[in-house]
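J.: Shown below is the structure under consideration.
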Number of protein chains: 2
Amino acid sequence: MKPLSKTQDHPSNNKLIKKFLKEGSHFHHPSFSIDCVIFGFHENQLKILLLKMHHSKKWALPGGFVGKDEDLDDAAHNILKSRTGLTNIFLQQFHVFGSQNREDPKYVNQMLDFYNMNKKNHWLKKRFITAGYYALVDYSRTFPQVDPFSSHCSWINLNEIPAMILDHKIIIDKALFTLRLQLIYQPIGLNLLPKKFTMRDIQSLYETILNKKIDRRNFQRKILSLKILKKLKEKKKGLPHKSPHLFKFDEKQYQIALNEGLKGSW
Amino acid sequence: MKPLSKTQDHPSNNKLIKKFLKEGSHFHHPSFSIDCVIFGFHENQLKILLLKMHHSKKWALPGGFVGKDEDLDDAAHNILKSRTGLTNIFLQQFHVFGSQNREDPKYVNQMLDFYNMNKKNHWLKKRFITAGYYALVDYSRTFPQVDPFSSHCSWINLNEIPAMILDHKIIIDKALFTLRLQLIYQPIGLNLLPKKFTMRDIQSLYETILNKKIDRRNFQRKILSLKILKKLKEKKKGLPHKSPHLFKFDEKQYQIALNEGLKGSW
DNA sequence: TCAAAAGTGTTTGGTTTACACCCATGA
DNA sequence: TCATGGGTGTAAACCAAACACTTTTGA
């Protein structure tokens with residue numbers, strides 16, 4: 001596992017947390033939460049942003065609740081912004097998880113004990129239904145921030161996922177499945193790659209998500225035929241070999257392709 | 001619009017309804033509901049099962065609530081069974097609807113007045129988040145049943161949808177969109193067609209869902225290449241012209257195809 | 001015996017796959 | 001000057017779309 005982002009202890013947050021634990025249920029849609037699977041891409045690795053929880057050895061997806069008068073999608077965007085600083089990002093609901101046993105009384109009890117809260121019938125101990133959202137972001141433009149219940153907020157390689165609370169591992173798997181499916185009929189990469197990138201960069205992205213090798217020449221032909229890329233005059237310098245062209249997304253065409261739903265398969 | 005199924009007035013249900021209105025919130029997951037878009041196919045028409053509400057001129061999707069200790073998917077199956085009598089049916093969650101303004105205070109007020117209930121802070125007047133499920137069923141094997149809040153339960157042609165409560169029209173549109181998308185990478189038709197059917201039957205189904213004509217010969221080649229159909233010795237008799245072969249689904253292959261996700265496009 | 005629908009190909013053009021050669025660059 | 005990856009091309013296999021002829025049937 002890669003080095004973690006620096007611990008932030010938020011000791012000043014104690015009061016806030018207590019208020020939240022006591023009165024949170026008044027401000028939020030009851031027994032309903034949102035969990036975000038935030039994908040980032042760096043050094044040919046697909047990563048997701050995870051939180052290490054206080055009061056538990058386990059990790060969790062960035063999540064939150066829905067305000068009483070808040071749209072679901074807005075709530076998800078707020079969570080994304082709080083953890084990464086990013087706004088206006090592709091963020092999509094992909095599944096609701098509502099199995100009857102999605103609770104973790106042990107963890108919640110520990111937390112309530114820690115803050116000297118009354119455990120009986122506490123609103124957090126009820127079964128929650130959670131909506132899973134997934135986002136694709138540019139790893140290098142994020143500033144991961146812990147939330148009050150976590151000690152670390154880190155990018156973790158997809159093949160190094162630690163023990164997760166609740167059914168969060170299932171949520172991640174479903175997100176990845178959806179992402180791969182999506183890739184078949186929609187373009188992907190805007191927000192996940194830097195503004196300018198080489199053909200190899202975007203191919204690595206596709207290969208990583210699909211977890212298979214693609215022929216370099218065939219990939220180029222196919223991705224260009226989608227008309228979502230613009231070739232720049234500029235080349236990438238300072239590499240040990242021939243300087244590759246840089247590309248950027250043609251955002252207009254990209255949006256059209258997103259809406260129309262591409263066909264075909266990789 | 002086609003003739004409606006016979007009105008059932010459920011006068012004996014008054015007591016039950018009052019109990020539900022008074023105490024329903026104790027038994028159910030709070031402020032959360034399920035709505036089902038149940039597609040059926042008959043006479044080359046795609047239909048959906050709708051309820052005409054008491055106390056309103058509008059119609060609604062068959063829906064319900066989730067028991068405190070009930071899985072989301074189980075709740076959806078129960079709703080499907082109550083309205084159609086069917087079990088073991090393809091039923092899939094496709095979206096959660098949680099915009100902040102999905103309420104219809106006027107309609108709920110009318111109903112509460114009718115039953116002399118206290119309107120103040122009534123649990124049904126809160127904003128609900130609802131999970132949309134869609135099902136594909138064999139029209140001819142259903143026995144549509146009203147629920148206590150509706151006077152009719154009828155199959156309505158997709159192009160003759162009446163005024164709907166809340167955002168139910170949006171839910172229908174999204175279901176249809178998902179169905180069309182699904183058709184691209186998954187087989188469809190089991191449960192929606194009778195056990196035995198002709199090549200024309202299944203082609204009509206595809207044409208109806210996709211809302212476009214498909215070449216008869218190309219369709220046959222393509223659908224057979226999926227290996228999900230079994231040709232029967234039997235032929236359909238009593239037609240004015242040449243007797244067509246009957247087919248049935250190879251359920252084993254069908255399930256495999258469902259899980260693998262077909263590729264390609266129609 | 002005829003109209004209508006079923007059964008069965010074939011041709012054509014495009015897309016996907018597999019594979020090969022030359023070019024630019026820094027070490 | 002050489003190892004490495006970039007840029008470009010082509011043949012074969014495969015698939016989708018357009019289209020035609022023959023067969024069966026009841027009226």
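Residues are referred to by chain and number: the chain letter is A, B, ... according to the order shown in the structure tokens, the number counts from 1 in that chain, and ligands are numbered separately from 1 in the order shown.
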When you get a sec, could you note down which chain C residues fall within 10 Å of chain B, using only C-alpha atoms (C1' of nucleotides), as a VMD selection string?

T.: chain C and resid 3 to 9

J.: Can you write just those residues out, N, CA, C and O atoms (P, O5', C5', C4', C3', O3' and C1' of nucleotides), as a PDB file, in the first residue's frame?

T.:
ATOM      1  P    DA C   3     -52.935 -12.076 -56.230  1.00  0.00           P
ATOM      2  O5'  DA C   3     -52.996 -11.441 -54.772  1.00  0.00           O
ATOM      3  C5'  DA C   3     -54.176 -11.616 -53.975  1.00  0.00           C
ATOM      4  C4'  DA C   3     -53.798 -11.833 -52.524  1.00  0.00           C
ATOM      5  C3'  DA C   3     -52.631 -10.971 -52.048  1.00  0.00           C
ATOM      6  O3'  DA C   3     -52.979 -10.487 -50.762  1.00  0.00           O
ATOM      7  C1'  DA C   3     -52.135 -13.252 -51.671  1.00  0.00           C
ATOM      8  P    DA C   4     -52.067  -9.451 -49.977  1.00  0.00           P
ATOM      9  O5'  DA C   4     -51.402 -10.371 -48.862  1.00  0.00           O
ATOM     10  C5'  DA C   4     -52.231 -11.118 -47.986  1.00  0.00           C
ATOM     11  C4'  DA C   4     -51.358 -11.996 -47.141  1.00  0.00           C
ATOM     12  C3'  DA C   4     -50.106 -11.292 -46.590  1.00  0.00           C
ATOM     13  O3'  DA C   4     -50.002 -11.591 -45.218  1.00  0.00           O
ATOM     14  C1'  DA C   4     -49.495 -13.277 -47.696  1.00  0.00           C
ATOM     15  P    DA C   5     -49.106 -10.658 -44.246  1.00  0.00           P
ATOM     16  O5'  DA C   5     -48.075 -11.694 -43.616  1.00  0.00           O
ATOM     17  C5'  DA C   5     -48.571 -12.842 -42.960  1.00  0.00           C
ATOM     18  C4'  DA C   5     -47.629 -13.978 -43.191  1.00  0.00           C
ATOM     19  C3'  DA C   5     -46.199 -13.708 -42.686  1.00  0.00           C
ATOM     20  O3'  DA C   5     -45.867 -14.723 -41.760  1.00  0.00           O
ATOM     21  C1'  DA C   5     -46.213 -14.724 -44.809  1.00  0.00           C
ATOM     22  P    DA C   6     -44.462 -14.855 -41.059  1.00  0.00           P
ATOM     23  O5'  DA C   6     -43.907 -16.176 -41.740  1.00  0.00           O
ATOM     24  C5'  DA C   6     -44.564 -17.405 -41.478  1.00  0.00           C
ATOM     25  C4'  DA C   6     -43.783 -18.544 -42.087  1.00  0.00           C
ATOM     26  C3'  DA C   6     -42.349 -18.633 -41.571  1.00  0.00           C
ATOM     27  O3'  DA C   6     -42.044 -20.000 -41.367  1.00  0.00           O
ATOM     28  C1'  DA C   6     -42.356 -18.283 -43.935  1.00  0.00           C
ATOM     29  P    DG C   7     -40.712 -20.396 -40.646  1.00  0.00           P
ATOM     30  O5'  DG C   7     -39.760 -20.658 -41.901  1.00  0.00           O
ATOM     31  C5'  DG C   7     -39.868 -21.888 -42.602  1.00  0.00           C
ATOM     32  C4'  DG C   7     -38.836 -21.916 -43.695  1.00  0.00           C
ATOM     33  C3'  DG C   7     -37.394 -21.721 -43.198  1.00  0.00           C
ATOM     34  O3'  DG C   7     -36.623 -22.825 -43.660  1.00  0.00           O
ATOM     35  C1'  DG C   7     -37.875 -20.287 -45.038  1.00  0.00           C
ATOM     36  P    DT C   8     -35.134 -22.977 -43.184  1.00  0.00           P
ATOM     37  O5'  DT C   8     -34.345 -22.337 -44.402  1.00  0.00           O
ATOM     38  C5'  DT C   8     -34.560 -22.823 -45.721  1.00  0.00           C
ATOM     39  C4'  DT C   8     -33.750 -22.017 -46.718  1.00  0.00           C
ATOM     40  C3'  DT C   8     -32.311 -21.696 -46.275  1.00  0.00           C
ATOM     41  O3'  DT C   8     -31.443 -21.917 -47.373  1.00  0.00           O
ATOM     42  C1'  DT C   8     -33.383 -19.762 -46.992  1.00  0.00           C
ATOM     43  P    DG C   9     -29.940 -22.314 -47.087  1.00  0.00           P
ATOM     44  O5'  DG C   9     -29.127 -21.055 -46.741  1.00  0.00           O
ATOM     45  C5'  DG C   9     -29.110 -19.797 -47.253  1.00  0.00           C
ATOM     46  C4'  DG C   9     -28.990 -19.667 -48.757  1.00  0.00           C
ATOM     47  C3'  DG C   9     -27.663 -19.092 -49.187  1.00  0.00           C
ATOM     48  O3'  DG C   9     -27.246 -19.482 -50.487  1.00  0.00           O
ATOM     49  C1'  DG C   9     -29.378 -17.430 -49.277  1.00  0.00           C
TER      50       DG C   9
END

J.: Can you work out which residues from chain A touch chain B at a cut-off of 6 Å (counting only C-alpha atoms) and hand them back as a ChimeraX atom specification?

T.: /A:69-72,98-100,264

J.: Would you export the selected residues with N, CA and C atoms as a PDB file, in the first residue's frame, please?

T.:
ATOM      1  N   ASP A  69     -33.967  18.835   2.531  1.00  0.00           N
ATOM      2  CA  ASP A  69     -34.478  19.479   1.319  1.00  0.00           C
ATOM      3  C   ASP A  69     -33.414  19.533   0.240  1.00  0.00           C
ATOM      4  N   GLU A  70     -32.660  18.461   0.140  1.00  0.00           N
ATOM      5  CA  GLU A  70     -31.555  18.449  -0.805  1.00  0.00           C
ATOM      6  C   GLU A  70     -31.794  17.373  -1.864  1.00  0.00           C
ATOM      7  N   ASP A  71     -31.476  17.693  -3.108  1.00  0.00           N
ATOM      8  CA  ASP A  71     -31.530  16.676  -4.151  1.00  0.00           C
ATOM      9  C   ASP A  71     -30.457  15.631  -3.900  1.00  0.00           C
ATOM     10  N   LEU A  72     -30.787  14.405  -4.275  1.00  0.00           N
ATOM     11  CA  LEU A  72     -29.842  13.308  -4.134  1.00  0.00           C
ATOM     12  C   LEU A  72     -28.534  13.629  -4.841  1.00  0.00           C
ATOM     13  N   GLY A  98     -29.632  -1.990  -0.417  1.00  0.00           N
ATOM     14  CA  GLY A  98     -30.620  -1.975   0.647  1.00  0.00           C
ATOM     15  C   GLY A  98     -30.880  -3.341   1.232  1.00  0.00           C
ATOM     16  N   SER A  99     -29.830  -4.143   1.365  1.00  0.00           N
ATOM     17  CA  SER A  99     -30.094  -5.443   1.960  1.00  0.00           C
ATOM     18  C   SER A  99     -30.340  -5.246   3.445  1.00  0.00           C
ATOM     19  N   GLN A 100     -31.116  -6.144   3.986  1.00  0.00           N
ATOM     20  CA  GLN A 100     -31.668  -5.954   5.324  1.00  0.00           C
ATOM     21  C   GLN A 100     -30.571  -5.958   6.393  1.00  0.00           C
ATOM     22  N   GLY A 264     -20.750  -0.611 -29.966  1.00  0.00           N
ATOM     23  CA  GLY A 264     -19.529  -1.339 -30.277  1.00  0.00           C
ATOM     24  C   GLY A 264     -18.854  -1.850 -29.028  1.00  0.00           C
TER      25      GLY A 264
END

J.: Going by DSSP on the backbone, which residues of range 128-161 of chain A come out as strand (DSSP E or B)? List them as a list in words.

T.: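 Filtering range 128-161 of chain A down to strand (DSSP E or B) leaves Ile129, Thr130, Ala131, Gly132, Tyr133, Tyr134, Ala135, Leu136, Val137, Ser150, Ser151, His152, Cys153, Ser154, Trp155, Ile156 and Asn157 of chain A.
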
J.: Pull out every residue of chain D sitting within 8 Å of chain A, counting only C-alpha atoms (C1' of nucleotides), and send them as a list in words.

T.: DT4, DG5 and DG6 of chain D

J.: Could the residues in this selection be written to a file with N, CA and C atoms (P, O5', C5', C4', C3', O3' and C1' of nucleotides), as a CSV table (one decimal), in the first residue's frame?

T.:
chain,number,residue,atom,x,y,z
D,4,DT,P,15.6,-1.9,-25.1
D,4,DT,O5',14.5,-0.7,-25.3
D,4,DT,C5',14.7,0.5,-24.6
D,4,DT,C4',13.7,1.5,-25.2
D,4,DT,C3',12.3,0.9,-25.4
D,4,DT,O3',11.4,1.6,-24.5
D,4,DT,C1',13.0,2.2,-27.2
D,5,DG,P,9.9,1.0,-24.1
D,5,DG,O5',9.0,1.9,-25.0
D,5,DG,C5',8.9,3.3,-24.7
D,5,DG,C4',8.6,4.0,-25.9
D,5,DG,C3',7.2,3.8,-26.5
D,5,DG,O3',6.5,5.1,-26.6
D,5,DG,C1',8.8,3.7,-28.2
D,6,DG,P,5.1,5.3,-27.2
D,6,DG,O5',5.5,6.0,-28.5
D,6,DG,C5',6.0,7.4,-28.5
D,6,DG,C4',6.0,8.0,-29.9
D,6,DG,C3',4.6,8.0,-30.5
D,6,DG,O3',4.5,9.3,-31.2
D,6,DG,C1',6.0,6.6,-31.8

J.: So which residues touch DC22 in chain C within 12 Å, counting only C-alpha atoms (C1' of nucleotides), skipping near sequence neighbours fewer than 2 positions away, as JSON, numbers by chain?

T.: {"C": [20, 24], "D": [6, 7, 8, 9]}

J.: Quick one: everything within 8 Å of Leu246 in chain B, counting only C-alpha atoms (C1' of nucleotides), minus sequence neighbours fewer than 4 positions away in the same chain. Send it as a list of chain:residue names.

T.: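 Everything that qualifies: B:Lys196, B:Phe197, B:Thr198, B:Met199, B:Lys231, B:Leu232, B:Lys233, B:Glu234, B:Lys235, B:Lys236.
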
J.: Quick one: DSSP alpha helix (DSSP H) residues in range 65-234 of chain B, as an mmCIF file with N, CA and C atoms, in the first residue's frame?

T.:
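That gives us part34.cif:
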data_model
loop_
_atom_site.group_PDB
_atom_site.id
_atom_site.type_symbol
_atom_site.label_atom_id
_atom_site.label_comp_id
_atom_site.auth_asym_id
_atom_site.auth_seq_id
_atom_site.Cartn_x
_atom_site.Cartn_y
_atom_site.Cartn_z
ATOM 1 N N LEU B 72 -34.407 -4.715 -0.056
ATOM 2 C CA LEU B 72 -34.995 -3.882 -1.091
ATOM 3 C C LEU B 72 -35.578 -4.742 -2.216
ATOM 4 N N ASP B 73 -34.773 -5.680 -2.694
ATOM 5 C CA ASP B 73 -35.207 -6.507 -3.814
ATOM 6 C C ASP B 73 -36.425 -7.359 -3.448
ATOM 7 N N ASP B 74 -36.449 -7.837 -2.222
ATOM 8 C CA ASP B 74 -37.609 -8.625 -1.798
ATOM 9 C C ASP B 74 -38.861 -7.778 -1.810
ATOM 10 N N ALA B 75 -38.733 -6.557 -1.329
ATOM 11 C CA ALA B 75 -39.890 -5.658 -1.318
ATOM 12 C C ALA B 75 -40.418 -5.456 -2.730
ATOM 13 N N ALA B 76 -39.506 -5.283 -3.675
ATOM 14 C CA ALA B 76 -39.932 -5.081 -5.064
ATOM 15 C C ALA B 76 -40.654 -6.316 -5.595
ATOM 16 N N HIS B 77 -40.114 -7.481 -5.289
ATOM 17 C CA HIS B 77 -40.769 -8.715 -5.735
ATOM 18 C C HIS B 77 -42.161 -8.859 -5.114
ATOM 19 N N ASN B 78 -42.279 -8.446 -3.873
ATOM 20 C CA ASN B 78 -43.591 -8.526 -3.237
ATOM 21 C C ASN B 78 -44.604 -7.619 -3.916
ATOM 22 N N ILE B 79 -44.167 -6.441 -4.282
ATOM 23 C CA ILE B 79 -45.068 -5.519 -4.980
ATOM 24 C C ILE B 79 -45.513 -6.141 -6.295
ATOM 25 N N LEU B 80 -44.542 -6.682 -7.026
ATOM 26 C CA LEU B 80 -44.858 -7.300 -8.311
ATOM 27 C C LEU B 80 -45.862 -8.426 -8.139
ATOM 28 N N LYS B 81 -45.650 -9.213 -7.100
ATOM 29 C CA LYS B 81 -46.560 -10.340 -6.877
ATOM 30 C C LYS B 81 -47.961 -9.847 -6.522
ATOM 31 N N SER B 82 -48.040 -8.826 -5.673
ATOM 32 C CA SER B 82 -49.356 -8.339 -5.258
ATOM 33 C C SER B 82 -50.171 -7.817 -6.431
ATOM 34 N N ARG B 83 -49.514 -7.162 -7.367
ATOM 35 C CA ARG B 83 -50.259 -6.545 -8.480
ATOM 36 C C ARG B 83 -50.502 -7.495 -9.630
ATOM 37 N N THR B 84 -49.699 -8.511 -9.779
ATOM 38 C CA THR B 84 -49.824 -9.363 -10.968
ATOM 39 C C THR B 84 -49.987 -10.844 -10.651
ATOM 40 N N PRO B 105 -48.402 17.223 -2.060
ATOM 41 C CA PRO B 105 -49.175 17.464 -0.827
ATOM 42 C C PRO B 105 -50.676 17.512 -1.095
ATOM 43 N N LYS B 106 -51.055 18.042 -2.258
ATOM 44 C CA LYS B 106 -52.480 18.176 -2.555
ATOM 45 C C LYS B 106 -53.161 16.816 -2.526
ATOM 46 N N TYR B 107 -52.535 15.870 -3.220
ATOM 47 C CA TYR B 107 -53.134 14.551 -3.295
ATOM 48 C C TYR B 107 -53.192 13.880 -1.924
ATOM 49 N N VAL B 108 -52.101 13.972 -1.182
ATOM 50 C CA VAL B 108 -52.071 13.325 0.136
ATOM 51 C C VAL B 108 -53.075 13.993 1.069
ATOM 52 N N ASN B 109 -53.173 15.330 0.997
ATOM 53 C CA ASN B 109 -54.148 16.027 1.825
ATOM 54 C C ASN B 109 -55.562 15.544 1.559
ATOM 55 N N GLN B 110 -55.896 15.425 0.266
ATOM 56 C CA GLN B 110 -57.238 14.947 -0.090
ATOM 57 C C GLN B 110 -57.511 13.582 0.538
ATOM 58 N N MET B 111 -56.522 12.723 0.450
ATOM 59 C CA MET B 111 -56.715 11.376 0.965
ATOM 60 C C MET B 111 -56.868 11.399 2.482
ATOM 61 N N LEU B 112 -56.011 12.177 3.128
ATOM 62 C CA LEU B 112 -56.081 12.226 4.590
ATOM 63 C C LEU B 112 -57.420 12.805 5.046
ATOM 64 N N ASP B 113 -57.884 13.829 4.329
ATOM 65 C CA ASP B 113 -59.200 14.389 4.639
ATOM 66 C C ASP B 113 -60.269 13.313 4.527
ATOM 67 N N PHE B 114 -60.212 12.590 3.434
ATOM 68 C CA PHE B 114 -61.227 11.575 3.162
ATOM 69 C C PHE B 114 -61.343 10.579 4.320
ATOM 70 N N HIS B 168 -43.844 10.239 -11.775
ATOM 71 C CA HIS B 168 -43.954 8.872 -12.301
ATOM 72 C C HIS B 168 -43.766 8.785 -13.810
ATOM 73 N N LYS B 169 -44.102 9.865 -14.511
ATOM 74 C CA LYS B 169 -43.852 9.846 -15.948
ATOM 75 C C LYS B 169 -42.341 9.815 -16.230
ATOM 76 N N ILE B 170 -41.608 10.553 -15.443
ATOM 77 C CA ILE B 170 -40.149 10.561 -15.601
ATOM 78 C C ILE B 170 -39.572 9.180 -15.306
ATOM 79 N N ILE B 171 -40.141 8.526 -14.301
ATOM 80 C CA ILE B 171 -39.673 7.190 -13.935
ATOM 81 C C ILE B 171 -39.925 6.213 -15.088
ATOM 82 N N ILE B 172 -41.091 6.338 -15.707
ATOM 83 C CA ILE B 172 -41.402 5.470 -16.852
ATOM 84 C C ILE B 172 -40.407 5.705 -17.987
ATOM 85 N N ASP B 173 -40.166 6.969 -18.286
ATOM 86 C CA ASP B 173 -39.248 7.291 -19.390
ATOM 87 C C ASP B 173 -37.858 6.723 -19.135
ATOM 88 N N LYS B 174 -37.418 6.844 -17.902
ATOM 89 C CA LYS B 174 -36.086 6.343 -17.559
ATOM 90 C C LYS B 174 -36.044 4.817 -17.653
ATOM 91 N N ALA B 175 -37.138 4.186 -17.269
ATOM 92 C CA ALA B 175 -37.207 2.721 -17.356
ATOM 93 C C ALA B 175 -37.111 2.283 -18.811
ATOM 94 N N LEU B 176 -37.830 2.984 -19.666
ATOM 95 C CA LEU B 176 -37.825 2.636 -21.080
ATOM 96 C C LEU B 176 -36.440 2.833 -21.678
ATOM 97 N N PHE B 177 -35.809 3.922 -21.288
ATOM 98 C CA PHE B 177 -34.452 4.182 -21.755
ATOM 99 C C PHE B 177 -33.513 3.060 -21.334
ATOM 100 N N THR B 178 -33.635 2.656 -20.087
ATOM 101 C CA THR B 178 -32.776 1.586 -19.566
ATOM 102 C C THR B 178 -33.050 0.272 -20.284
ATOM 103 N N LEU B 179 -34.319 0.005 -20.515
ATOM 104 C CA LEU B 179 -34.704 -1.215 -21.226
ATOM 105 C C LEU B 179 -34.050 -1.266 -22.596
ATOM 106 N N ARG B 180 -34.082 -0.148 -23.309
ATOM 107 C CA ARG B 180 -33.493 -0.108 -24.659
ATOM 108 C C ARG B 180 -31.988 -0.303 -24.604
ATOM 109 N N LEU B 181 -31.383 0.296 -23.600
ATOM 110 C CA LEU B 181 -29.938 0.157 -23.448
ATOM 111 C C LEU B 181 -29.590 -1.300 -23.149
ATOM 112 N N GLN B 182 -30.348 -1.858 -22.251
ATOM 113 C CA GLN B 182 -30.128 -3.238 -21.825
ATOM 114 C C GLN B 182 -30.200 -4.195 -23.006
ATOM 115 N N LEU B 183 -31.114 -3.891 -23.900
ATOM 116 C CA LEU B 183 -31.351 -4.745 -25.062
ATOM 117 C C LEU B 183 -30.092 -4.899 -25.895
ATOM 118 N N ILE B 184 -29.193 -3.913 -25.796
ATOM 119 C CA ILE B 184 -27.994 -3.958 -26.610
ATOM 120 C C ILE B 184 -27.022 -5.012 -26.117
ATOM 121 N N TYR B 185 -26.997 -5.245 -24.824
ATOM 122 C CA TYR B 185 -25.992 -6.173 -24.330
ATOM 123 C C TYR B 185 -26.556 -7.334 -23.529
ATOM 124 N N MET B 199 -40.794 -16.796 -34.594
ATOM 125 C CA MET B 199 -39.728 -15.839 -34.861
ATOM 126 C C MET B 199 -40.311 -14.433 -35.021
ATOM 127 N N ARG B 200 -41.485 -14.372 -35.617
ATOM 128 C CA ARG B 200 -42.125 -13.062 -35.782
ATOM 129 C C ARG B 200 -42.475 -12.436 -34.434
ATOM 130 N N ASP B 201 -42.921 -13.277 -33.506
ATOM 131 C CA ASP B 201 -43.287 -12.756 -32.191
ATOM 132 C C ASP B 201 -42.114 -12.039 -31.536
ATOM 133 N N ILE B 202 -40.982 -12.713 -31.523
ATOM 134 C CA ILE B 202 -39.847 -12.121 -30.815
ATOM 135 C C ILE B 202 -39.299 -10.924 -31.579
ATOM 136 N N GLN B 203 -39.403 -10.990 -32.905
ATOM 137 C CA GLN B 203 -38.965 -9.824 -33.678
ATOM 138 C C GLN B 203 -39.854 -8.616 -33.383
ATOM 139 N N SER B 204 -41.159 -8.850 -33.304
ATOM 140 C CA SER B 204 -42.079 -7.757 -32.976
ATOM 141 C C SER B 204 -41.721 -7.142 -31.633
ATOM 142 N N LEU B 205 -41.377 -8.006 -30.700
ATOM 143 C CA LEU B 205 -40.994 -7.508 -29.382
ATOM 144 C C LEU B 205 -39.798 -6.572 -29.476
ATOM 145 N N TYR B 206 -38.762 -7.026 -30.174
ATOM 146 C CA TYR B 206 -37.579 -6.183 -30.326
ATOM 147 C C TYR B 206 -37.919 -4.889 -31.067
ATOM 148 N N GLU B 207 -38.712 -5.017 -32.119
ATOM 149 C CA GLU B 207 -39.061 -3.817 -32.882
ATOM 150 C C GLU B 207 -39.845 -2.828 -32.030
ATOM 151 N N THR B 208 -40.721 -3.374 -31.197
ATOM 152 C CA THR B 208 -41.542 -2.500 -30.373
ATOM 153 C C THR B 208 -40.695 -1.777 -29.340
ATOM 154 N N ILE B 209 -39.843 -2.528 -28.689
ATOM 155 C CA ILE B 209 -39.018 -1.889 -27.654
ATOM 156 C C ILE B 209 -38.090 -0.847 -28.269
ATOM 157 N N LEU B 210 -37.477 -1.201 -29.387
ATOM 158 C CA LEU B 210 -36.520 -0.283 -29.992
ATOM 159 C C LEU B 210 -37.199 0.762 -30.862
ATOM 160 N N ARG B 216 -36.314 -8.814 -41.400
ATOM 161 C CA ARG B 216 -36.723 -10.137 -40.943
ATOM 162 C C ARG B 216 -35.594 -11.161 -41.011
ATOM 163 N N ARG B 217 -34.855 -11.168 -42.118
ATOM 164 C CA ARG B 217 -33.843 -12.198 -42.339
ATOM 165 C C ARG B 217 -32.601 -11.934 -41.495
ATOM 166 N N ASN B 218 -32.219 -10.654 -41.434
ATOM 167 C CA ASN B 218 -31.056 -10.322 -40.615
ATOM 168 C C ASN B 218 -31.341 -10.542 -39.127
ATOM 169 N N PHE B 219 -32.580 -10.219 -38.746
ATOM 170 C CA PHE B 219 -32.946 -10.428 -37.351
ATOM 171 C C PHE B 219 -32.812 -11.895 -36.968
ATOM 172 N N GLN B 220 -33.348 -12.750 -37.820
ATOM 173 C CA GLN B 220 -33.323 -14.178 -37.521
ATOM 174 C C GLN B 220 -31.887 -14.695 -37.361
ATOM 175 N N ARG B 221 -31.038 -14.288 -38.308
ATOM 176 C CA ARG B 221 -29.654 -14.727 -38.237
ATOM 177 C C ARG B 221 -29.023 -14.298 -36.915
ATOM 178 N N LYS B 222 -29.270 -13.033 -36.569
ATOM 179 C CA LYS B 222 -28.629 -12.488 -35.379
ATOM 180 C C LYS B 222 -29.146 -13.116 -34.091
ATOM 181 N N ILE B 223 -30.437 -13.248 -33.999
ATOM 182 C CA ILE B 223 -30.986 -13.779 -32.744
ATOM 183 C C ILE B 223 -30.582 -15.248 -32.581
ATOM 184 N N LEU B 224 -30.493 -15.970 -33.683
ATOM 185 C CA LEU B 224 -30.093 -17.376 -33.590
ATOM 186 C C LEU B 224 -28.629 -17.500 -33.204
ATOM 187 N N SER B 225 -27.834 -16.529 -33.646
ATOM 188 C CA SER B 225 -26.399 -16.600 -33.338
ATOM 189 C C SER B 225 -26.144 -16.430 -31.839
#

J.: How many Å separate CA of Lys22 in chain A from CA of His54 in chain A?

T.: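 Separation between CA of Lys22 in chain A and CA of His54 in chain A: 18.2 Å.
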
J.: Can you pull out the residues contacting DT17 in chain C? Cut-off 10 Å, using only C-alpha atoms (C1' of nucleotides), and skip same-chain residues under 2 positions away; I want them as a ChimeraX atom specification.

T.: /A:215,218 /C:15,19 /D:12-14

J.: Can you pull out every residue within 8 Å of Trp155 in chain B, counting only C-alpha atoms (C1' of nucleotides), but drop anything in the same chain fewer than 3 positions away, and send it as a VMD selection string?

T.: chain B and resid 4 40 47 to 50

J.: Could you check the closest approach to Pro162 in chain A for each of A:Leu193, A:Ile256, A:Met53, A:Ile188 and tell me which residue wins, using only C-alpha atoms?

T.: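 Ranking A:Leu193, A:Ile256, A:Met53, A:Ile188 by distance to Pro162 in chain A, first place goes to A:Met53.
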